[in-house]
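The block underneath contains the structure these notes are about, expressed in structure tokens.
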Amino acid sequence: MAEERIIVTSALPYAYSVPHIGNFVGSVLPADIYFKHLMMEGKDAIFICGSDQHGTPIELMAIKKGIEPEALADGMHHKIKGLFGKFGCTFTHYGKTHSEANRATVYEIFRELQRKGHITETESMLAYCNTDRRFLVDRLVEGTCPYCGGKKARGDQCDDCGRLLESSQIIEPHCTLCGGTDIEFRKVKNLALDLPGLQQKVEDYIKSASGNGWSKNAVHKSLSYIEEGLKARDITRRLKWGFPVAEEGYGDSVFYVWFDALIGYIGITREWDGSRWEEYWKKSGVKLIQFMGKDNLEFHTLVWPATLIGADSGFILPHTIYVLEYLTSRSIKFSKSRGVGLNMENALEIMPSDYWRFALAHLMPETADSEFSVEALVEVVNNIMNDKIGNFVHRVLTIARAHRELLQSEITIEEREMEEMKRILHGYRDNFDKIRMREALHSVVELADMGNALISARAPWVTAKEAAGNSKKEEEFSKTMGTLLGIARWVGILIWPFAPDSGREISRHFGMASDPKISDLYEKGVVDWGVELKPVFSKMADKEREALGAFSR
RNA sequence: AGCGAGGUAGGGUAGUCUGGAGUGCCCGCCGGGCUCAUAACCCGGAGAUCAAUGGUUCAAAUCCAUUCCUCGCUACCA
């Protein structure tokens, strides 16, 4: 039987600012944990992610800084890529949307959509600044709000009354780029994806695919959009930064950022391996599993499948669309649009990446928004990760080292305990199958709980004292420690997707050098006495709490 | 406003699809144990009208209806 092949993706972070921890926990972290699990299971899988580089905000920022958008986007791309690396993320390829491979893919898919009649035109009024000689997106037009008279209304929304606006409604509009008032409104055309024409096929697809572990939110929301009726969605914009649209009448347009960002999943795979990418994207039976935050829902459940269905070029469709909810916080601020608050960069200055990975996985908003606070973080890090897991491993290894002469060279787990461990392992794998990673992590905690209970019940430190000249006690001690060391070894292996550095550190004590596999659980275990023993984790102290406190609201 | 998702001990969550004793987990609280370990660990206990109201049912946290509260989406943001 051919081995199942899997593509894991995370929503592409926008290369505008450093992602905050809410962004991280909402897509890249779950995707990375899930991918690591697949690696442990020995699956044929790749993990694709990268920078979403085009679009208005980056173009505007570049204008403001007086540099080329590409330079800006590439700079941020390298920074973000480096940060994910520091957080232990192991992409098969972390690419970017502004690449030749993606450009080629975008044009190919566009041509197919066009050839098959899925591209229509839309018309709208758009502000044009005669001074800057460019079109102005709504938010670049400011003036007086027609409803409340507020002076700082932007073309998309009035901050004073909160109403959504059209830039043409603004009274006395001026351009925020040059400050001038020489603005006129011109009728512009855009190319659009004919979603109404593809709606039926998308609906059929959602109904057949959503059984594959889609979140409730994703299914209900998508079907509700379909019930309302999909509208054509623009795929072009009057901007300079992006892939130019090589069509008559669209000389000053580029493809809209969402269009090439979604196609970016394919483009990035192609950038990774120009000859093998089709073995992933165009082979039936390949499972595409996509992670994203709920803000990205309809792009992935509706627009993206519609694009692939419409192009009809043999592309696979998403198997599982896994939509995470939000990490929210009343106490700590993190905002991407404003670029303030606790982001991935300053998080690392507070604690090592494993602490964040573990704690964020424990608080992961899988089924509902989850509340993030200093107290919640301290609780997970200090009580669960450190006291339960770290301390368990440490105390077992300490006892073992103190009475090394009483132990057999090979770790043997007692039968009854082995059954219990297998039960926990079954839960762990089962939860990963269902993509319930928070629950899977809980199985690791359960294993440590089991170990802590066993160590109390058996009190090996007592048996060790009684073992002098007593072969029965010696055997008892040796059996107990075999089981305890076995549990500690399992903890090191199973914690790896969540906290890879710590998992490896624990595993080193058991002579394991490379990244673990599930099959390693049943391999002969030994203890490497040569490895220096020190606590795996430490608690968050006042210093770390204060550092976090600096990001309080 | 419309559309989605939530509201379960003091706090945080799972359970809801497929109804069957309030069943589970983490913290906190109370009592006990242990001294191998990082002031850690183990055992036991108290604590919940499962948001509210009405309905279906032998039986409702779970199904239906209505109401209230929270979050998200409804952008020429991505």
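Labels for the structure tokens follow display order: chains A, B, ..., residues from 1 in each chain, ligands from 1.
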
Would you list the contacts of B:C43 as a list in words, taking every protein, DNA or RNA residue within 12 Å and counting only C-alpha atoms (C1' of nucleotides), but skipping same-chain residues closer than 6 positions in sequence?
Ala453, Ser456 and Ala457 of chain A; G31, G32, G33 and C34 of chain B

Keeping only C-alpha atoms (C1' of nucleotides), write those residues as a short mmCIF file (atom, residue, chain, number, x, y, z; two decimals), in the first residue's frame.
```cif
data_model
loop_
_atom_site.label_atom_id
_atom_site.label_comp_id
_atom_site.auth_asym_id
_atom_site.auth_seq_id
_atom_site.Cartn_x
_atom_site.Cartn_y
_atom_site.Cartn_z
CA ALA A 453 1.73 8.72 41.62
CA SER A 456 4.93 7.96 45.72
CA ALA A 457 3.24 4.58 45.96
"C1'" G B 31 -7.41 18.10 55.71
"C1'" G B 32 -3.79 14.17 55.68
"C1'" G B 33 0.82 11.62 53.78
"C1'" C B 34 5.91 11.66 51.97
#
```

Run DSSP on the backbone and give me the residues of stretch 61-130 of chain A it puts in alpha helix (DSSP H), as a PDB file with C-alpha atoms, in the first residue's frame.
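See selection.pdb below for the written result:
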```
ATOM      1  CA  MET A  61       4.812  51.740   4.482  1.00  0.00           C
ATOM      2  CA  ALA A  62       7.441  51.616   1.741  1.00  0.00           C
ATOM      3  CA  ILE A  63       6.334  55.007   0.424  1.00  0.00           C
ATOM      4  CA  LYS A  64       6.541  56.392   3.922  1.00  0.00           C
ATOM      5  CA  LYS A  65      10.030  54.995   4.448  1.00  0.00           C
ATOM      6  CA  PRO A  69       8.190  47.617  -1.268  1.00  0.00           C
ATOM      7  CA  GLU A  70      10.155  44.532  -2.208  1.00  0.00           C
ATOM      8  CA  ALA A  71      13.071  45.538   0.003  1.00  0.00           C
ATOM      9  CA  LEU A  72      10.708  46.194   2.875  1.00  0.00           C
ATOM     10  CA  ALA A  73       8.809  42.935   2.418  1.00  0.00           C
ATOM     11  CA  ASP A  74      11.975  40.888   2.012  1.00  0.00           C
ATOM     12  CA  GLY A  75      13.525  42.432   5.090  1.00  0.00           C
ATOM     13  CA  MET A  76      10.495  41.561   7.186  1.00  0.00           C
ATOM     14  CA  HIS A  77      10.312  38.138   5.575  1.00  0.00           C
ATOM     15  CA  HIS A  78      13.820  37.270   6.754  1.00  0.00           C
ATOM     16  CA  LYS A  79      13.142  38.611  10.202  1.00  0.00           C
ATOM     17  CA  ILE A  80       9.914  36.632  10.636  1.00  0.00           C
ATOM     18  CA  LYS A  81      11.436  33.503   9.161  1.00  0.00           C
ATOM     19  CA  GLY A  82      14.302  33.778  11.624  1.00  0.00           C
ATOM     20  CA  LEU A  83      11.898  34.188  14.519  1.00  0.00           C
ATOM     21  CA  PHE A  84       9.916  31.099  13.619  1.00  0.00           C
ATOM     22  CA  GLY A  85      13.210  29.248  13.502  1.00  0.00           C
ATOM     23  CA  LYS A  86      14.002  30.465  16.992  1.00  0.00           C
ATOM     24  CA  GLU A 100       9.107  33.650  -9.603  1.00  0.00           C
ATOM     25  CA  ALA A 101       7.570  30.303  -8.746  1.00  0.00           C
ATOM     26  CA  ASN A 102       4.495  31.976  -7.305  1.00  0.00           C
ATOM     27  CA  ARG A 103       4.266  34.481 -10.133  1.00  0.00           C
ATOM     28  CA  ALA A 104       4.209  31.647 -12.657  1.00  0.00           C
ATOM     29  CA  THR A 105       1.558  29.784 -10.669  1.00  0.00           C
ATOM     30  CA  VAL A 106      -0.635  32.854 -10.270  1.00  0.00           C
ATOM     31  CA  TYR A 107      -0.594  33.492 -14.027  1.00  0.00           C
ATOM     32  CA  GLU A 108      -1.270  29.865 -14.853  1.00  0.00           C
ATOM     33  CA  ILE A 109      -4.232  29.667 -12.531  1.00  0.00           C
ATOM     34  CA  PHE A 110      -5.543  33.009 -13.703  1.00  0.00           C
ATOM     35  CA  ARG A 111      -5.314  31.906 -17.349  1.00  0.00           C
ATOM     36  CA  GLU A 112      -7.229  28.727 -16.605  1.00  0.00           C
ATOM     37  CA  LEU A 113      -9.898  30.604 -14.688  1.00  0.00           C
ATOM     38  CA  GLN A 114     -10.228  33.027 -17.538  1.00  0.00           C
ATOM     39  CA  ARG A 115     -10.260  30.327 -20.215  1.00  0.00           C
TER      40      ARG A 115
END
```

Give me, as a short mmCIF file (atom, residue, chain, number, x, y, z; two decimals) with N, CA and C atoms, in the first residue's frame, all polymer residues having an atom no more than 6 Å from stretch 533-548 of chain A, counting only C-alpha atoms (C1' of nucleotides) and skipping those fewer than 4 positions away in the same chain.
```cif
data_model
loop_
_atom_site.label_atom_id
_atom_site.label_comp_id
_atom_site.auth_asym_id
_atom_site.auth_seq_id
_atom_site.Cartn_x
_atom_site.Cartn_y
_atom_site.Cartn_z
N ILE A 350 11.73 37.11 27.14
CA ILE A 350 11.21 36.80 28.47
C ILE A 350 11.48 35.35 28.84
N ASN A 382 4.68 27.06 35.56
CA ASN A 382 5.19 26.65 36.87
C ASN A 382 4.60 25.34 37.36
N ASN A 386 6.70 22.69 34.74
CA ASN A 386 7.84 22.55 35.65
C ASN A 386 7.58 21.52 36.76
N GLY A 390 8.68 18.48 34.48
CA GLY A 390 10.12 18.67 34.67
C GLY A 390 10.61 18.01 35.94
N HIS A 394 13.25 14.80 36.53
CA HIS A 394 14.45 15.08 37.31
C HIS A 394 14.57 14.18 38.54
#
```

Find the residues of chain B in contact range of chain A, meaning any atom within 12 Å when counting only C-alpha atoms (C1' of nucleotides), and list them as JSON, numbers by chain.
{"B": [2, 3, 4, 5, 6, 7, 11, 12, 13, 14, 17, 25, 26, 27, 28, 33, 34, 35, 36, 37, 38, 39, 40, 41, 42, 43, 70, 71, 72, 73, 74, 75, 76, 77, 78]}

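Using only C-alpha atoms (C1' of nucleotides), the contacts of A:Leu406 at a cut-off of 12 Å, with sequence neighbours closer than 6 positions omitted, comprise Ile399, Ala400, Pro460, Thr463, Ala464, Lys465, Glu466, Ala467, Ala468, Gly469, Asn470, Ser471, Lys472, Lys473, Glu474, Glu475, Glu476, Phe477, Ser478, Lys479, Thr480, Met481 and Gly482 of chain A.
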
Which residues, written as a ChimeraX atom specification, have at least one atom at most 12 Å from B:C50, with only C-alpha atoms (C1' of nucleotides) counted and residues fewer than 4 positions away on the same chain left out?
/B:7-9,15-16,22-23,60-62

Selected residues written out with N, CA and C atoms (P, O5', C5', C4', C3', O3' and C1' of nucleotides), as a PDB file, in the first residue's frame:
```
ATOM      1  P     G B   7     -20.176  27.165  26.087  1.00  0.00           P
ATOM      2  O5'   G B   7     -20.435  28.388  27.059  1.00  0.00           O
ATOM      3  C5'   G B   7     -19.379  28.867  27.918  1.00  0.00           C
ATOM      4  C4'   G B   7     -19.929  30.055  28.674  1.00  0.00           C
ATOM      5  C3'   G B   7     -20.920  29.687  29.775  1.00  0.00           C
ATOM      6  O3'   G B   7     -20.506  30.171  31.044  1.00  0.00           O
ATOM      7  C1'   G B   7     -21.833  31.299  28.265  1.00  0.00           C
ATOM      8  P     U B   8     -19.563  29.473  31.983  1.00  0.00           P
ATOM      9  O5'   U B   8     -20.180  28.029  32.186  1.00  0.00           O
ATOM     10  C5'   U B   8     -21.275  27.831  33.065  1.00  0.00           C
ATOM     11  C4'   U B   8     -21.273  26.414  33.560  1.00  0.00           C
ATOM     12  C3'   U B   8     -20.088  26.044  34.452  1.00  0.00           C
ATOM     13  O3'   U B   8     -20.333  26.373  35.798  1.00  0.00           O
ATOM     14  C1'   U B   8     -20.366  24.393  32.788  1.00  0.00           C
ATOM     15  P     A B   9     -19.529  27.415  36.509  1.00  0.00           P
ATOM     16  O5'   A B   9     -19.058  26.749  37.865  1.00  0.00           O
ATOM     17  C5'   A B   9     -18.187  27.470  38.750  1.00  0.00           C
ATOM     18  C4'   A B   9     -18.502  27.047  40.161  1.00  0.00           C
ATOM     19  C3'   A B   9     -17.391  27.407  41.145  1.00  0.00           C
ATOM     20  O3'   A B   9     -17.934  27.945  42.342  1.00  0.00           O
ATOM     21  C1'   A B   9     -17.778  25.056  41.118  1.00  0.00           C
ATOM     22  P     G B  15     -15.340  19.112  24.033  1.00  0.00           P
ATOM     23  O5'   G B  15     -16.294  18.194  24.931  1.00  0.00           O
ATOM     24  C5'   G B  15     -16.109  16.784  24.972  1.00  0.00           C
ATOM     25  C4'   G B  15     -17.067  16.189  25.980  1.00  0.00           C
ATOM     26  C3'   G B  15     -18.550  16.347  25.634  1.00  0.00           C
ATOM     27  O3'   G B  15     -18.966  15.279  24.795  1.00  0.00           O
ATOM     28  C1'   G B  15     -18.182  16.934  27.913  1.00  0.00           C
ATOM     29  P     U B  16     -19.411  15.610  23.290  1.00  0.00           P
ATOM     30  O5'   U B  16     -20.795  16.355  23.495  1.00  0.00           O
ATOM     31  C5'   U B  16     -21.937  15.671  24.031  1.00  0.00           C
ATOM     32  C4'   U B  16     -23.129  16.578  23.899  1.00  0.00           C
ATOM     33  C3'   U B  16     -23.431  16.996  22.463  1.00  0.00           C
ATOM     34  O3'   U B  16     -24.816  16.884  22.202  1.00  0.00           O
ATOM     35  C1'   U B  16     -23.093  18.914  23.818  1.00  0.00           C
ATOM     36  P     G B  22     -27.980  14.438  37.406  1.00  0.00           P
ATOM     37  O5'   G B  22     -26.877  14.889  38.334  1.00  0.00           O
ATOM     38  C5'   G B  22     -25.697  14.995  38.907  1.00  0.00           C
ATOM     39  C4'   G B  22     -24.535  15.005  37.957  1.00  0.00           C
ATOM     40  C3'   G B  22     -23.254  14.933  38.757  1.00  0.00           C
ATOM     41  O3'   G B  22     -22.617  13.737  38.486  1.00  0.00           O
ATOM     42  C1'   G B  22     -23.270  16.857  37.307  1.00  0.00           C
ATOM     43  P     U B  23     -21.780  12.820  38.995  1.00  0.00           P
ATOM     44  O5'   U B  23     -20.552  12.668  37.972  1.00  0.00           O
ATOM     45  C5'   U B  23     -19.970  11.399  37.756  1.00  0.00           C
ATOM     46  C4'   U B  23     -19.104  11.467  36.530  1.00  0.00           C
ATOM     47  C3'   U B  23     -17.866  12.347  36.669  1.00  0.00           C
ATOM     48  O3'   U B  23     -16.848  11.752  37.461  1.00  0.00           O
ATOM     49  C1'   U B  23     -18.847  12.723  34.567  1.00  0.00           C
ATOM     50  P     A B  60     -35.076  15.616  32.149  1.00  0.00           P
ATOM     51  O5'   A B  60     -33.826  15.536  31.175  1.00  0.00           O
ATOM     52  C5'   A B  60     -32.521  15.246  31.660  1.00  0.00           C
ATOM     53  C4'   A B  60     -31.515  16.171  31.000  1.00  0.00           C
ATOM     54  C3'   A B  60     -31.713  17.639  31.357  1.00  0.00           C
ATOM     55  O3'   A B  60     -30.449  18.296  31.382  1.00  0.00           O
ATOM     56  C1'   A B  60     -32.033  17.346  29.046  1.00  0.00           C
ATOM     57  P     A B  61     -29.586  18.347  32.664  1.00  0.00           P
ATOM     58  O5'   A B  61     -28.428  19.363  32.283  1.00  0.00           O
ATOM     59  C5'   A B  61     -28.746  20.727  31.980  1.00  0.00           C
ATOM     60  C4'   A B  61     -27.719  21.303  31.042  1.00  0.00           C
ATOM     61  C3'   A B  61     -27.892  20.858  29.595  1.00  0.00           C
ATOM     62  O3'   A B  61     -28.739  21.728  28.902  1.00  0.00           O
ATOM     63  C1'   A B  61     -25.641  20.552  30.288  1.00  0.00           C
ATOM     64  P     U B  62     -29.727  21.179  27.758  1.00  0.00           P
ATOM     65  O5'   U B  62     -28.788  20.353  26.766  1.00  0.00           O
ATOM     66  C5'   U B  62     -27.845  21.019  25.905  1.00  0.00           C
ATOM     67  C4'   U B  62     -27.076  19.964  25.153  1.00  0.00           C
ATOM     68  C3'   U B  62     -27.914  19.168  24.166  1.00  0.00           C
ATOM     69  O3'   U B  62     -27.248  19.033  22.937  1.00  0.00           O
ATOM     70  C1'   U B  62     -26.876  17.707  25.736  1.00  0.00           C
TER      71        U B  62
END
```

Check the DSSP output for the backbone and give back, as a list in words, the residues of stretch 272-416 of chain A in strand (DSSP E or B).
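Answer for stretch 272-416 of chain A restricted to strand (DSSP E or B) is Lys287, Leu288, Ile289, Gln290, Phe291, Met292, Gly293, Thr320, Ile321, Tyr322, Val323, Leu324, Leu327, Thr328, Ile332, Phe334, Ser335, Val340, Gly341, Asn343, Ser370, Glu371, Glu410 and Ile411 of chain A.
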
Go ahead and dump the residues you just picked, N, CA and C atoms, as a short mmCIF file (atom, residue, chain, number, x, y, z; two decimals), in the first residue's frame.
```
data_model
loop_
_atom_site.label_atom_id
_atom_site.label_comp_id
_atom_site.auth_asym_id
_atom_site.auth_seq_id
_atom_site.Cartn_x
_atom_site.Cartn_y
_atom_site.Cartn_z
N LYS A 287 -3.33 14.46 1.05
CA LYS A 287 -4.20 15.18 1.97
C LYS A 287 -3.63 16.55 2.27
N LEU A 288 -4.44 17.57 2.01
CA LEU A 288 -4.03 18.93 2.30
C LEU A 288 -4.70 19.36 3.61
N ILE A 289 -3.90 19.63 4.62
CA ILE A 289 -4.43 20.01 5.92
C ILE A 289 -3.99 21.42 6.24
N GLN A 290 -4.95 22.34 6.36
CA GLN A 290 -4.62 23.76 6.47
C GLN A 290 -5.07 24.36 7.80
N PHE A 291 -4.15 25.05 8.43
CA PHE A 291 -4.43 25.71 9.70
C PHE A 291 -4.51 27.21 9.51
N MET A 292 -5.45 27.84 10.21
CA MET A 292 -5.57 29.30 10.14
C MET A 292 -6.43 29.81 11.27
N GLY A 293 -6.34 31.11 11.50
CA GLY A 293 -7.20 31.75 12.48
C GLY A 293 -8.55 32.05 11.88
N THR A 320 -8.66 18.90 5.21
CA THR A 320 -9.12 19.44 6.49
C THR A 320 -8.81 20.93 6.54
N ILE A 321 -9.82 21.72 6.85
CA ILE A 321 -9.60 23.14 7.09
C ILE A 321 -9.82 23.35 8.57
N TYR A 322 -8.75 23.64 9.25
CA TYR A 322 -8.80 23.70 10.70
C TYR A 322 -8.72 25.15 11.15
N VAL A 323 -9.83 25.67 11.60
CA VAL A 323 -9.92 27.08 11.95
C VAL A 323 -9.80 27.26 13.46
N LEU A 324 -8.78 27.96 13.90
CA LEU A 324 -8.64 28.22 15.33
C LEU A 324 -9.34 29.50 15.70
N LEU A 327 -6.84 33.82 20.65
CA LEU A 327 -6.30 34.00 21.98
C LEU A 327 -6.63 35.44 22.35
N THR A 328 -7.36 35.62 23.41
CA THR A 328 -7.74 36.98 23.79
C THR A 328 -7.08 37.33 25.12
N ILE A 332 -3.07 41.55 28.81
CA ILE A 332 -1.86 41.76 28.02
C ILE A 332 -2.27 42.22 26.63
N PHE A 334 -1.70 42.66 22.62
CA PHE A 334 -0.98 42.33 21.41
C PHE A 334 -1.84 42.69 20.22
N SER A 335 -1.31 43.56 19.41
CA SER A 335 -2.03 44.03 18.24
C SER A 335 -1.09 44.08 17.07
N VAL A 340 1.99 47.02 18.25
CA VAL A 340 2.41 47.18 19.64
C VAL A 340 2.05 45.93 20.43
N GLY A 341 2.69 45.79 21.56
CA GLY A 341 2.35 44.69 22.43
C GLY A 341 3.29 43.52 22.32
N ASN A 343 4.91 40.65 21.07
CA ASN A 343 5.06 39.90 19.83
C ASN A 343 6.08 38.79 20.01
N SER A 370 -9.73 31.69 23.83
CA SER A 370 -9.17 31.31 25.12
C SER A 370 -8.43 32.50 25.71
N GLU A 371 -8.56 32.63 27.00
CA GLU A 371 -8.08 33.83 27.67
C GLU A 371 -6.62 33.70 28.08
N GLU A 410 19.39 -2.34 30.86
CA GLU A 410 18.30 -2.06 29.93
C GLU A 410 17.03 -1.70 30.70
N ILE A 411 16.33 -0.69 30.21
CA ILE A 411 15.11 -0.26 30.87
C ILE A 411 13.97 -1.24 30.57
#
```

What gap, in Å, lies between atom CA of A:Thr122 and atom CA of A:Val188?
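Result for atom CA of A:Thr122 versus atom CA of A:Val188: 8.3 Å, one decimal.
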
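Reported to one decimal place, the separation of atom CA of A:Glu523 from atom CA of A:Arg458 is 25.2 Å.
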